[in-house]
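Content type compact mmCIF, C-alpha atoms, from the file upload-v2.txt:
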```txt
# COMPACT_ATOMS: atom_id res chain seq x y z
CA MET A 120 -89.77 -28.28 -42.71
CA ALA A 121 -87.89 -31.52 -43.30
CA PHE A 122 -84.95 -29.56 -44.70
CA ALA A 123 -84.93 -27.19 -41.72
CA VAL A 124 -84.86 -30.10 -39.28
CA SER A 125 -82.03 -31.90 -41.04
CA LYS A 126 -80.04 -28.67 -41.31
CA ARG A 127 -80.40 -27.99 -37.60
CA ASN A 128 -79.43 -31.56 -36.75
CA ALA A 129 -76.35 -31.19 -38.93
CA MET A 130 -75.44 -27.96 -37.16
CA ALA A 131 -75.92 -29.57 -33.77
CA PHE A 132 -73.67 -32.47 -34.80
CA ALA A 133 -70.97 -30.09 -36.03
CA VAL A 134 -71.03 -28.07 -32.84
CA THR A 135 -71.09 -31.20 -30.71
CA LEU A 136 -67.82 -32.23 -32.34
CA LEU A 137 -66.47 -28.76 -31.67
CA LEU A 138 -67.47 -28.90 -28.01
CA VAL A 139 -65.76 -32.23 -27.62
CA SER A 140 -62.56 -30.71 -28.96
CA ILE A 141 -62.61 -27.75 -26.53
CA PRO A 142 -60.18 -28.30 -23.65
CA MET A 143 -61.69 -29.13 -20.31
CA SER A 144 -60.39 -25.84 -18.92
CA SER A 145 -62.71 -23.90 -21.24
CA SER A 146 -65.62 -22.14 -19.61
CA THR A 147 -68.72 -24.24 -19.07
CA LEU A 148 -70.70 -21.08 -19.65
CA GLN A 149 -69.26 -20.77 -23.13
CA GLN A 150 -70.10 -24.39 -23.95
CA ASP A 151 -73.65 -23.92 -22.74
CA PHE A 152 -73.91 -20.69 -24.73
CA LEU A 153 -72.68 -22.41 -27.90
CA GLN A 154 -75.18 -25.21 -27.56
CA CYS A 155 -77.97 -22.72 -26.92
CA LEU A 156 -77.02 -20.75 -30.06
CA VAL A 157 -77.38 -23.89 -32.16
CA GLU A 158 -80.81 -24.55 -30.73
CA ASN A 159 -81.97 -21.00 -31.47
CA SER A 160 -80.31 -20.11 -34.78
CA ASP A 161 -80.96 -21.56 -38.24
CA ILE A 162 -77.98 -20.21 -40.16
CA SER A 163 -74.69 -22.08 -40.26
CA PHE A 164 -71.56 -20.02 -39.60
CA PRO A 165 -67.88 -20.53 -38.70
CA ILE A 166 -68.54 -20.77 -35.03
CA THR A 167 -64.91 -21.23 -33.93
CA ALA A 168 -63.99 -17.90 -35.48
CA ALA A 169 -66.88 -16.10 -33.81
CA PHE A 170 -65.76 -16.63 -30.19
CA TYR A 171 -62.86 -15.24 -28.23
CA SER A 172 -62.11 -16.42 -24.70
CA PRO A 173 -59.06 -16.26 -22.43
CA ASP A 174 -59.16 -20.03 -21.91
CA GLN A 175 -58.92 -20.91 -25.61
CA ASN A 176 -56.49 -18.24 -26.82
CA ALA A 177 -55.51 -15.51 -24.37
CA THR A 178 -53.56 -13.52 -26.96
CA LEU A 179 -56.43 -13.33 -29.48
CA PHE A 180 -58.88 -12.60 -26.69
CA LYS A 181 -56.77 -9.67 -25.48
CA GLU A 182 -56.38 -8.30 -29.01
CA GLU A 183 -60.11 -8.50 -29.65
CA LEU A 184 -61.03 -6.98 -26.29
CA GLU A 185 -58.72 -4.01 -26.92
CA SER A 186 -59.42 -3.66 -30.65
CA THR A 187 -61.85 -0.73 -30.50
CA ALA A 188 -61.23 0.49 -26.96
CA GLN A 189 -60.12 4.13 -26.79
CA ASN A 190 -59.82 4.77 -23.06
CA LEU A 191 -56.98 2.76 -21.53
CA ARG A 192 -58.31 3.54 -18.04
CA TYR A 193 -60.70 0.63 -18.56
CA LEU A 194 -58.14 -1.90 -19.80
CA THR A 195 -56.10 -2.26 -16.62
CA PRO A 196 -55.64 -5.73 -15.05
CA SER A 197 -58.04 -4.80 -12.25
CA ASN A 198 -60.96 -4.07 -14.59
CA PRO A 199 -63.42 -7.00 -14.87
CA LYS A 200 -63.10 -8.99 -18.10
CA PRO A 201 -65.88 -10.78 -20.03
CA VAL A 202 -66.19 -14.56 -19.92
CA PHE A 203 -65.99 -14.46 -23.72
CA ILE A 204 -66.61 -12.24 -26.74
CA PHE A 205 -69.09 -13.33 -29.41
CA GLU A 206 -69.11 -11.77 -32.89
CA PRO A 207 -72.42 -12.49 -34.65
CA MET A 208 -72.38 -12.78 -38.45
CA TYR A 209 -76.13 -12.32 -38.99
CA GLU A 210 -79.02 -10.63 -37.24
CA THR A 211 -80.44 -14.00 -36.22
CA HIS A 212 -77.26 -14.63 -34.23
CA VAL A 213 -77.88 -11.48 -32.22
CA GLN A 214 -81.42 -12.58 -31.49
CA ALA A 215 -80.17 -16.03 -30.43
CA ALA A 216 -77.46 -14.45 -28.26
CA VAL A 217 -80.08 -12.45 -26.36
CA VAL A 218 -82.20 -15.57 -25.82
CA CYS A 219 -79.19 -17.55 -24.59
CA ALA A 220 -77.84 -14.84 -22.30
CA LYS A 221 -81.25 -14.58 -20.67
CA LYS A 222 -81.50 -18.36 -20.32
CA LEU A 223 -78.03 -18.65 -18.76
CA GLN A 224 -78.46 -15.47 -16.67
CA LEU A 225 -75.44 -13.86 -18.25
CA HIS A 226 -75.16 -10.08 -18.20
CA MET A 227 -74.57 -8.78 -21.73
CA ARG A 228 -72.64 -5.79 -22.96
CA VAL A 229 -73.12 -4.79 -26.61
CA ARG A 230 -70.27 -3.26 -28.60
CA SER A 231 -70.28 -1.79 -32.11
CA GLY A 232 -66.95 0.04 -32.11
CA GLY A 233 -67.96 3.70 -31.84
CA HIS A 234 -67.40 6.24 -29.09
CA ASP A 235 -67.21 4.59 -25.69
CA TYR A 236 -65.43 7.01 -23.40
CA GLU A 237 -66.35 5.24 -20.16
CA GLY A 238 -65.82 1.64 -21.31
CA LEU A 239 -69.48 0.69 -20.93
CA SER A 240 -69.44 -1.64 -23.95
CA PHE A 241 -66.60 -3.84 -22.71
CA VAL A 242 -66.44 -3.49 -18.91
CA SER A 243 -69.07 -4.31 -16.29
CA GLU A 244 -67.88 -3.12 -12.90
CA ASN A 245 -70.86 -4.30 -10.86
CA GLU A 246 -72.38 -7.27 -12.70
CA THR A 247 -70.50 -10.49 -13.37
CA PRO A 248 -70.23 -12.84 -15.10
CA PHE A 249 -70.79 -10.90 -18.29
CA VAL A 250 -70.22 -11.40 -22.01
CA ILE A 251 -69.62 -9.05 -24.92
CA VAL A 252 -71.65 -9.31 -28.10
CA ASP A 253 -69.55 -7.48 -30.68
CA LEU A 254 -71.56 -6.23 -33.67
CA SER A 255 -68.61 -5.18 -35.83
CA LYS A 256 -69.35 -7.83 -38.48
CA LEU A 257 -72.86 -6.43 -39.03
CA ARG A 258 -71.72 -3.57 -41.25
CA GLN A 259 -74.13 -3.63 -44.19
CA ILE A 260 -75.68 -0.37 -45.42
CA ASP A 261 -78.91 -0.40 -47.43
CA VAL A 262 -79.59 2.73 -49.49
CA ASP A 263 -83.07 3.52 -50.81
CA VAL A 264 -82.64 6.20 -53.47
CA ASP A 265 -86.39 6.62 -53.98
CA SER A 266 -87.05 7.53 -50.36
CA ASN A 267 -83.71 9.31 -49.94
CA SER A 268 -82.90 7.18 -46.90
CA ALA A 269 -80.34 4.66 -45.71
CA TRP A 270 -80.34 1.90 -43.09
CA ALA A 271 -76.94 1.39 -41.48
CA HIS A 272 -76.30 -1.73 -39.44
CA ALA A 273 -74.69 -1.33 -36.03
CA GLY A 274 -71.15 -2.26 -37.07
CA ALA A 275 -70.93 0.09 -40.05
CA THR A 276 -68.38 2.91 -40.07
CA VAL A 277 -67.94 6.01 -42.22
CA GLY A 278 -65.74 3.94 -44.53
CA GLU A 279 -68.59 1.70 -45.68
CA VAL A 280 -70.08 4.18 -48.15
CA TYR A 281 -68.06 5.90 -50.84
CA TYR A 282 -69.68 9.16 -51.89
CA ARG A 283 -68.10 10.58 -55.03
CA GLY A 284 -68.52 14.20 -54.03
CA HIS A 285 -65.94 16.99 -54.13
CA ARG A 286 -64.84 18.96 -51.10
CA VAL A 287 -62.29 21.51 -49.99
CA LYS A 288 -60.49 21.08 -46.69
CA MET A 289 -59.12 24.12 -44.93
CA THR A 290 -56.86 24.58 -41.92
CA VAL A 291 -55.88 27.84 -40.23
CA THR A 292 -54.10 27.96 -36.88
CA LYS A 293 -53.97 30.97 -34.55
CA THR A 294 -52.31 31.49 -31.19
CA LEU A 295 -53.09 34.02 -28.50
CA GLU A 296 -50.30 36.19 -29.87
CA GLN A 297 -52.06 36.25 -33.27
CA ASP A 298 -55.37 37.63 -31.98
CA GLY A 299 -56.46 34.08 -31.20
CA THR A 300 -59.00 35.13 -28.58
CA LYS A 301 -60.55 37.81 -30.79
CA VAL A 302 -60.90 35.45 -33.76
CA LEU A 303 -62.46 32.72 -31.61
CA PHE A 304 -64.97 35.19 -30.17
CA LYS A 305 -66.00 36.08 -33.73
CA TRP A 306 -66.24 32.38 -34.69
CA GLN A 307 -68.78 31.88 -31.91
CA GLN A 308 -70.96 34.57 -33.46
CA VAL A 309 -70.93 33.22 -37.03
CA ALA A 310 -70.21 29.48 -36.96
CA ASP A 311 -73.85 28.33 -36.78
CA LYS A 312 -74.91 30.83 -39.47
CA LEU A 313 -72.30 30.14 -42.17
CA ASP A 314 -73.17 28.88 -45.64
CA GLU A 315 -74.70 25.42 -45.21
CA ASP A 316 -72.03 23.92 -47.48
CA LEU A 317 -69.38 25.00 -44.96
CA PHE A 318 -68.45 23.42 -41.64
CA ILE A 319 -65.67 24.88 -39.46
CA ARG A 320 -64.75 23.36 -36.13
CA VAL A 321 -62.09 24.60 -33.71
CA ILE A 322 -59.48 22.43 -32.00
CA ILE A 323 -57.98 24.16 -28.97
CA GLN A 324 -54.90 22.95 -27.12
CA THR A 325 -51.68 24.14 -25.54
CA ALA A 326 -48.64 24.80 -27.72
CA SER A 327 -45.04 25.91 -27.23
CA LYS A 328 -44.14 29.53 -27.90
CA THR A 329 -40.46 28.60 -28.29
CA THR A 330 -38.27 25.55 -27.82
CA LYS A 331 -37.76 26.46 -24.16
CA PRO A 332 -39.66 24.12 -21.79
CA GLY A 333 -42.60 25.62 -19.93
CA ASN A 334 -43.02 28.51 -22.36
CA ARG A 335 -46.55 27.69 -23.50
CA THR A 336 -49.48 29.40 -25.15
CA ILE A 337 -52.90 28.42 -26.52
CA SER A 338 -53.36 27.26 -30.11
CA THR A 339 -56.73 27.45 -31.91
CA SER A 340 -56.84 25.41 -35.12
CA TYR A 341 -59.78 25.98 -37.48
CA GLN A 342 -60.53 22.82 -39.47
CA GLY A 343 -63.09 23.20 -42.23
CA GLN A 344 -64.85 21.21 -44.91
CA PHE A 345 -66.61 22.88 -47.81
CA LEU A 346 -68.85 21.21 -50.38
CA GLY A 347 -67.65 23.05 -53.47
CA ASP A 348 -64.43 24.50 -54.89
CA SER A 349 -61.86 26.78 -53.29
CA ASN A 350 -62.91 29.84 -55.31
CA ARG A 351 -66.44 29.81 -53.89
CA LEU A 352 -65.08 29.03 -50.43
CA MET A 353 -62.92 32.15 -50.54
CA GLN A 354 -65.99 34.22 -51.48
CA VAL A 355 -68.01 32.78 -48.60
CA MET A 356 -65.22 33.39 -46.09
CA GLN A 357 -64.60 36.95 -47.22
CA LYS A 358 -68.26 37.72 -46.71
CA SER A 359 -68.94 35.84 -43.47
CA PHE A 360 -65.68 35.35 -41.57
CA PRO A 361 -62.84 37.54 -42.94
CA GLU A 362 -61.29 37.76 -39.46
CA LEU A 363 -59.87 34.25 -39.89
CA GLY A 364 -57.63 35.46 -42.72
CA LEU A 365 -58.14 32.38 -44.91
CA THR A 366 -55.99 32.25 -48.06
CA LYS A 367 -55.99 29.82 -50.98
CA LYS A 368 -52.82 28.18 -49.73
CA ASP A 369 -54.79 27.11 -46.64
CA CYS A 370 -57.17 25.12 -48.88
CA THR A 371 -56.87 21.71 -50.50
CA GLU A 372 -59.42 20.28 -52.93
CA MET A 373 -60.05 16.57 -52.50
CA SER A 374 -62.64 13.79 -52.73
CA TRP A 375 -65.27 13.39 -50.03
CA ILE A 376 -63.68 10.20 -48.70
CA LYS A 377 -60.29 11.89 -48.36
CA SER A 378 -61.89 14.75 -46.43
CA VAL A 379 -63.40 12.21 -44.02
CA MET A 380 -59.94 10.74 -43.47
CA TYR A 381 -58.56 14.24 -42.85
CA ILE A 382 -61.13 14.96 -40.14
CA ALA A 383 -60.52 11.51 -38.62
CA GLY A 384 -56.80 12.25 -38.32
CA PHE A 385 -55.35 9.84 -40.88
CA PRO A 386 -52.10 10.85 -42.64
CA ASN A 387 -52.34 12.01 -46.26
CA SER A 388 -50.61 8.84 -47.41
CA ALA A 389 -53.23 6.50 -45.91
CA ALA A 390 -55.47 4.57 -48.31
CA PRO A 391 -59.27 5.01 -47.98
CA GLU A 392 -59.55 1.33 -47.05
CA ALA A 393 -58.02 2.22 -43.68
CA LEU A 394 -61.47 3.48 -42.67
CA LEU A 395 -62.82 -0.05 -42.98
CA ASP A 396 -60.71 -1.22 -40.05
CA GLY A 397 -63.18 0.56 -37.78
CA LYS A 398 -60.46 1.28 -35.23
CA SER A 399 -59.79 4.61 -33.59
CA LEU A 400 -56.40 6.24 -34.02
CA PHE A 401 -56.74 7.58 -30.50
CA LYS A 402 -55.82 5.35 -27.55
CA SER A 403 -54.85 6.89 -24.25
CA TYR A 404 -55.71 7.26 -20.59
CA PHE A 405 -58.20 10.10 -20.58
CA LYS A 406 -61.24 11.75 -19.08
CA ALA A 407 -63.78 13.57 -21.24
CA LYS A 408 -66.80 15.78 -20.69
CA SER A 409 -69.10 17.80 -22.94
CA ASP A 410 -71.17 20.97 -23.06
CA PHE A 411 -73.54 22.86 -25.34
CA VAL A 412 -73.30 26.62 -25.73
CA GLU A 413 -76.27 28.91 -26.40
CA GLU A 414 -74.61 32.34 -26.03
CA PRO A 415 -71.08 33.34 -27.12
CA ILE A 416 -68.57 32.94 -24.30
CA PRO A 417 -67.31 36.47 -23.53
CA VAL A 418 -63.67 37.42 -23.91
CA GLU A 419 -63.10 37.41 -20.15
CA GLY A 420 -64.53 33.89 -20.00
CA LEU A 421 -62.15 32.74 -22.74
CA GLU A 422 -59.18 34.33 -20.99
CA GLY A 423 -60.07 32.49 -17.79
CA LEU A 424 -60.31 29.26 -19.79
CA TRP A 425 -56.82 29.80 -21.21
CA LYS A 426 -55.45 30.01 -17.67
CA LYS A 427 -57.18 26.74 -16.79
CA LEU A 428 -55.89 24.95 -19.90
CA LEU A 429 -52.32 26.07 -19.19
CA GLU A 430 -52.51 24.37 -15.77
CA GLU A 431 -52.88 20.94 -17.40
CA ASP A 432 -50.31 18.78 -19.20
CA SER A 433 -52.24 17.74 -22.35
CA PRO A 434 -55.67 19.37 -22.46
CA LEU A 435 -57.76 19.35 -25.63
CA THR A 436 -61.12 20.84 -26.45
CA ILE A 437 -63.03 20.57 -29.73
CA TRP A 438 -65.82 23.01 -30.60
CA ASN A 439 -68.29 21.81 -33.25
CA PRO A 440 -70.79 24.30 -34.74
CA TYR A 441 -74.50 23.55 -34.98
CA GLY A 442 -77.16 25.43 -36.95
CA GLY A 443 -78.28 24.45 -40.46
CA MET A 444 -80.32 21.25 -40.67
CA MET A 445 -79.54 20.51 -37.01
CA SER A 446 -81.66 23.49 -35.97
CA ARG A 447 -84.52 22.80 -38.38
CA ILE A 448 -85.47 19.46 -36.80
CA ALA A 449 -87.69 19.76 -33.72
CA GLU A 450 -86.01 18.63 -30.50
CA SER A 451 -88.87 16.17 -29.84
CA GLU A 452 -88.61 14.58 -33.31
CA ILE A 453 -85.97 12.00 -32.31
CA PRO A 454 -84.21 11.31 -28.98
CA PHE A 455 -81.33 13.71 -29.77
CA PRO A 456 -82.71 17.09 -28.57
CA HIS A 457 -79.87 19.60 -28.98
CA ARG A 458 -81.32 21.66 -31.82
CA LYS A 459 -82.51 25.23 -32.32
CA GLY A 460 -80.73 27.75 -30.15
CA THR A 461 -77.52 25.72 -29.84
CA LEU A 462 -74.50 27.58 -31.20
CA PHE A 463 -71.96 24.80 -30.77
CA LYS A 464 -71.01 21.68 -28.85
CA ILE A 465 -67.84 21.40 -26.77
CA GLN A 466 -65.84 18.26 -26.08
CA TRP A 467 -63.45 18.57 -23.13
CA LEU A 468 -60.60 16.11 -22.84
CA SER A 469 -57.47 15.54 -20.79
CA SER A 470 -55.12 12.66 -21.62
CA TRP A 471 -52.04 11.18 -19.99
CA SER A 472 -49.69 8.25 -20.51
CA ASP A 473 -48.69 7.01 -17.06
CA GLY A 474 -51.96 5.32 -16.15
CA LYS A 475 -53.18 5.25 -12.57
CA ALA A 476 -50.06 7.03 -11.33
CA SER A 477 -51.61 10.39 -12.21
CA ASP A 478 -55.31 9.56 -12.64
CA GLU A 479 -56.35 11.55 -9.59
CA ARG A 480 -54.50 14.71 -10.57
CA HIS A 481 -55.90 14.84 -14.11
CA MET A 482 -59.43 13.95 -13.06
CA LYS A 483 -59.31 16.70 -10.43
CA TRP A 484 -58.22 19.25 -13.05
CA MET A 485 -60.99 18.19 -15.43
CA ARG A 486 -63.68 18.58 -12.78
CA GLU A 487 -62.36 21.99 -11.71
CA MET A 488 -62.25 23.22 -15.31
CA TYR A 489 -65.79 21.90 -15.88
CA SER A 490 -66.95 23.77 -12.77
CA TYR A 491 -65.33 26.99 -14.01
CA MET A 492 -67.23 26.77 -17.33
CA GLU A 493 -70.65 26.29 -15.72
CA LYS A 494 -71.77 29.92 -16.04
CA TYR A 495 -70.88 30.06 -19.75
CA VAL A 496 -72.77 27.02 -21.04
CA SER A 497 -76.34 25.71 -21.22
CA LYS A 498 -78.40 25.66 -18.03
CA ASN A 499 -81.48 23.95 -16.54
CA PRO A 500 -80.24 21.41 -17.40
CA ARG A 501 -76.57 21.79 -18.19
CA ARG A 502 -76.68 19.65 -21.30
CA ALA A 503 -74.26 16.92 -22.40
CA TYR A 504 -73.67 14.77 -25.49
CA VAL A 505 -74.58 11.12 -25.03
CA ASN A 506 -71.79 9.88 -27.35
CA TYR A 507 -69.28 11.38 -24.91
CA ARG A 508 -70.54 9.43 -21.90
CA ASP A 509 -69.62 10.96 -18.55
CA LEU A 510 -70.27 8.89 -15.43
CA ASP A 511 -69.64 11.95 -13.26
CA LEU A 512 -73.16 13.04 -14.23
CA GLY A 513 -74.68 10.07 -12.38
CA VAL A 514 -75.26 6.34 -12.72
CA ASN A 515 -78.06 3.84 -12.27
CA GLU A 516 -78.11 2.86 -8.62
CA GLU A 517 -80.86 1.64 -6.34
CA GLU A 518 -81.52 4.98 -4.67
CA SER A 519 -80.53 7.27 -7.55
CA ASP A 520 -82.76 9.37 -9.79
CA ALA A 521 -81.79 8.74 -13.40
CA ARG A 522 -83.18 12.15 -14.35
CA GLU A 523 -80.00 13.64 -12.87
CA TRP A 524 -78.08 12.51 -15.95
CA GLY A 525 -80.88 11.52 -18.33
CA THR A 526 -82.25 15.01 -18.88
CA LYS A 527 -78.74 16.31 -19.56
CA TYR A 528 -78.43 13.94 -22.51
CA PHE A 529 -82.03 13.91 -23.72
CA LYS A 530 -83.83 16.90 -22.16
CA GLY A 531 -87.62 16.38 -22.27
CA ASN A 532 -87.26 13.25 -24.38
CA PHE A 533 -85.84 11.30 -21.45
CA GLU A 534 -89.18 10.44 -19.85
CA ARG A 535 -90.52 9.31 -23.24
CA LEU A 536 -87.50 7.01 -23.61
CA VAL A 537 -88.14 5.59 -20.13
CA LYS A 538 -91.72 4.81 -21.11
CA ILE A 539 -90.60 3.02 -24.28
CA LYS A 540 -87.93 1.08 -22.38
CA GLY A 541 -90.49 -0.07 -19.82
CA GLU A 542 -92.78 -1.29 -22.59
CA PHE A 543 -90.24 -3.16 -24.72
CA ASP A 544 -87.65 -4.25 -22.14
CA PRO A 545 -89.58 -4.47 -18.86
CA GLU A 546 -86.97 -6.82 -17.36
CA ASN A 547 -84.23 -4.26 -18.07
CA PHE A 548 -82.10 -6.88 -19.80
CA PHE A 549 -80.21 -4.29 -21.87
CA ARG A 550 -78.55 -2.22 -19.19
CA HIS A 551 -75.37 -0.50 -18.10
CA GLU A 552 -74.38 2.26 -15.72
CA GLN A 553 -76.20 4.92 -17.78
CA SER A 554 -78.74 2.91 -19.75
CA ILE A 555 -82.33 4.10 -19.99
CA PRO A 556 -84.16 2.68 -16.93
CA THR A 557 -87.60 1.04 -17.10
CA LYS A 558 -89.08 3.57 -14.69
CA ILE A 559 -88.22 6.65 -12.67
CA GLY A 560 -89.57 7.80 -9.34
```

Same coordinates, now as structure tokens:
Amino acid sequence: MAFAVSKRNAMAFAVTLLLVSIPMSSSTLQQDFLQCLVENSDISFPITAAFYSPDQNATLFKEELESTAQNLRYLTPSNPKPVFIFEPMYETHVQAAVVCAKKLQLHMRVRSGGHDYEGLSFVSENETPFVIVDLSKLRQIDVDVDSNSAWAHAGATVGEVYYRGHRVKMTVTKTLEQDGTKVLFKWQQVADKLDEDLFIRVIIQTASKTTKPGNRTISTSYQGQFLGDSNRLMQVMQKSFPELGLTKKDCTEMSWIKSVMYIAGFPNSAAPEALLDGKSLFKSYFKAKSDFVEEPIPVEGLEGLWKKLLEEDSPLTIWNPYGGMMSRIAESEIPFPHRKGTLFKIQWLSSWSDGKASDERHMKWMREMYSYMEKYVSKNPRRAYVNYRDLDLGVNEEESDAREWGTKYFKGNFERLVKIKGEFDPENFFRHEQSIPTKIG
């Protein structure tokens, strides 16, 4: 105990010196937060490197705020900014940060660097002042071989673990003029039933027929990963999906880590260490939505979709197959419920580069396209993927019913999540526009 006391006193002294050196223009809230961290954390750490604020260094603060943000719609000057960003080095720092935010009545947003399509981890439109606790330094992964399990900390990315497996990547692109609609209709029928070593997703977007402007068509690109060699892949495809017309020249054998980089969009020349940066290659102004499909979309439905896509400047939709292990886990086993009976998941996206100048036009197109697809996707509820947050589905407001959006993400598990939230966070400290509420009417 004597050692613990002297260590804490030493930490307090060190931080007191730091606080003295902070310019008077620095936020009082940050100073109070720093002092509170010292009082509630036993591990010494480079505290000056763990904080970013506009008062101390506006350039570094801006870089850190934007580091993992994907959607530039939430980085405009008019969007509220945090008082500061804190990057904990250890779990105890996170615990202390929660204690201190509660004590100082600071609203907290938590960021780990993954999908955040609506900016909920770094923007708080309705509650200020707020701070960001960035968990990107907590990236350890503990693997238990005996139990065949792993525990990944919140800041970990796919680049943290190097699996020395062997895979084949495959890419085949079709357009409407190459029986693109017919092949896609067949993909819907087989994608969830393919060999479990094979994954084939479809990326659909507009493409130019010729070099003449305005002469556009629809491109469907089939991206696959196969756990095995190209010879066996060819056998599987000939049996299950010959309509795609896969040839050996469409296949490349590579390591598992290289296949991850391929799916993530890195160039072939990029080193695997690029994954450790934890930063998305995609940054744009965009709006996204999602759907789950339980029955193949008929040809006439696809043809109507092509017309809709050709109305927009830069539309993109990605169709990911389900089936396999996804369908063998009961939907009530964990919060994620989209299991048996789901053929594939759709991500809808429209992006633009001129910011607010054309926000309204692109958002209008996205909502009209989403309305058109209603009869072809899941119903009661029309389901959505929580990692592609969509505030159009509803938000937490005083008179709102969170079930409007909650059941779309979690189906019947939503009310169970509400019960757990009410038990472990009755004050609703951890909250945002679509966080699990503590109760529903």

What are the centre and edge lengths in Å, to one decimal, of the axis-aligned box around all listed atoms of range 301-306 of chain A with 8 Å added on each side, as AutoDock Vina command-line options?
```
--center_x -63.4 --center_y 35.1 --center_z -32.4 --size_x 21.7 --size_y 21.4 --size_z 20.5
```

* Asked: So, counting all atoms listed in the file, which residue among A:Asp473, A:Asp314, A:Glu546, A:Glu392 is closest to Met380 in chain A?
  ->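 Between A:Asp473, A:Asp314, A:Glu546, A:Glu392, the residue approaching Met380 in chain A most closely is A:Glu392.
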
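Every protein, DNA or RNA residue with an atom at most 9 Å from range 252-260 of chain A, where only C-alpha atoms count and chain neighbours fewer than 6 positions away do not, is listed here: Phe203, Ile204, Phe205, Glu206, Pro207, Met208, Tyr209, Glu210, Val213, Ala216, Met227, Arg228, Val229, Arg230, Ser231, Gly232, Ser240, Ala269, Trp270, Ala271, His272, Ala273, Gly274, Ala275, Thr276, Glu279, Val280 and Gly397 of chain A.
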
Can you write out the residues you just picked, keeping C-alpha atoms, as a PDB file, in the coordinates of the input?
```
ATOM      1  CA  PHE A 203     -65.990 -14.460 -23.720  1.00  0.00           C
ATOM      2  CA  ILE A 204     -66.610 -12.240 -26.740  1.00  0.00           C
ATOM      3  CA  PHE A 205     -69.090 -13.330 -29.410  1.00  0.00           C
ATOM      4  CA  GLU A 206     -69.110 -11.770 -32.890  1.00  0.00           C
ATOM      5  CA  PRO A 207     -72.420 -12.490 -34.650  1.00  0.00           C
ATOM      6  CA  MET A 208     -72.380 -12.780 -38.450  1.00  0.00           C
ATOM      7  CA  TYR A 209     -76.130 -12.320 -38.990  1.00  0.00           C
ATOM      8  CA  GLU A 210     -79.020 -10.630 -37.240  1.00  0.00           C
ATOM      9  CA  VAL A 213     -77.880 -11.480 -32.220  1.00  0.00           C
ATOM     10  CA  ALA A 216     -77.460 -14.450 -28.260  1.00  0.00           C
ATOM     11  CA  MET A 227     -74.570  -8.780 -21.730  1.00  0.00           C
ATOM     12  CA  ARG A 228     -72.640  -5.790 -22.960  1.00  0.00           C
ATOM     13  CA  VAL A 229     -73.120  -4.790 -26.610  1.00  0.00           C
ATOM     14  CA  ARG A 230     -70.270  -3.260 -28.600  1.00  0.00           C
ATOM     15  CA  SER A 231     -70.280  -1.790 -32.110  1.00  0.00           C
ATOM     16  CA  GLY A 232     -66.950   0.040 -32.110  1.00  0.00           C
ATOM     17  CA  SER A 240     -69.440  -1.640 -23.950  1.00  0.00           C
ATOM     18  CA  ALA A 269     -80.340   4.660 -45.710  1.00  0.00           C
ATOM     19  CA  TRP A 270     -80.340   1.900 -43.090  1.00  0.00           C
ATOM     20  CA  ALA A 271     -76.940   1.390 -41.480  1.00  0.00           C
ATOM     21  CA  HIS A 272     -76.300  -1.730 -39.440  1.00  0.00           C
ATOM     22  CA  ALA A 273     -74.690  -1.330 -36.030  1.00  0.00           C
ATOM     23  CA  GLY A 274     -71.150  -2.260 -37.070  1.00  0.00           C
ATOM     24  CA  ALA A 275     -70.930   0.090 -40.050  1.00  0.00           C
ATOM     25  CA  THR A 276     -68.380   2.910 -40.070  1.00  0.00           C
ATOM     26  CA  GLU A 279     -68.590   1.700 -45.680  1.00  0.00           C
ATOM     27  CA  VAL A 280     -70.080   4.180 -48.150  1.00  0.00           C
ATOM     28  CA  GLY A 397     -63.180   0.560 -37.780  1.00  0.00           C
TER      29      GLY A 397
END
```

* Asked: Could you work out how far CA of Lys181 in chain A lies from CA of Tyr507 in chain A, giving the answer in Å with one decimal?
  ->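 Answer for the CA of Tyr507 in chain A to CA of Lys181 in chain A separation: 24.5 Å.
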
* To do: Please identify all polymer residues within 12 Å of range 285-293 of chain A, counting only C-alpha atoms, omitting same-chain residues fewer than 5 positions from it, and present them as a ChimeraX atom specification.
  => /A:298-303,316-326,328,336-353,356,362-382

* To do: Fewer than 4 positions away in the same chain doesn't count, so skip those; otherwise give me all residues within 6 Å of range 525-528 of chain A, counting only C-alpha atoms, as a PyMOL selection string.
  => chain A and resi 500+502-505+521+533

* **Atomic distance CA of Pro248 in chain A - CA of Ser399 in chain A, expressed in Å with one decimal** => 27.5 Å

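Using all atoms listed in the file for every distance, the candidate list A:Gly460, A:Gly420, A:Pro361, A:Gly384 yields A:Gly460 as the residue closest to Tyr441 in chain A.
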
* Structure fact -> note - CA of Pro415 in chain A and CA of Phe455 in chain A are separated by 22.3 Å

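Distance annotation: of A:Arg335, A:Leu194, A:Thr211, A:Tyr495, the residue with the minimal separation from Lys426 in chain A is A:Arg335; atom set is all atoms listed in the file.
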
* Asked: Quick one: of A:Lys222, A:Lys305, A:Lys406, A:Lys358, who's nearest to Asp478 in chain A, counting all atoms listed in the file?
  ->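 Counting all atoms listed in the file, the residue closest to Asp478 in chain A is A:Lys406.
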
* To do: Taking the point (-61.0, 17.3, -11.8) as given in the file, collect each protein or nucleic acid residue that comes within 12 Å of it, counting only C-alpha atoms, and present the set as a list of chain:residue names.
  =>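 Counting only C-alpha atoms, I find these residues within 12 Å of (-61.0, 17.3, -11.8): A:Phe405, A:Lys406, A:Ala407, A:Lys408, A:Lys427, A:Glu430, A:Glu431, A:Trp467, A:Leu468, A:Ser469, A:Ser477, A:Asp478, A:Glu479, A:Arg480, A:His481, A:Met482, A:Lys483, A:Trp484, A:Met485, A:Arg486, A:Glu487, A:Met488, A:Tyr489, A:Ser490, A:Tyr491, A:Asp511.
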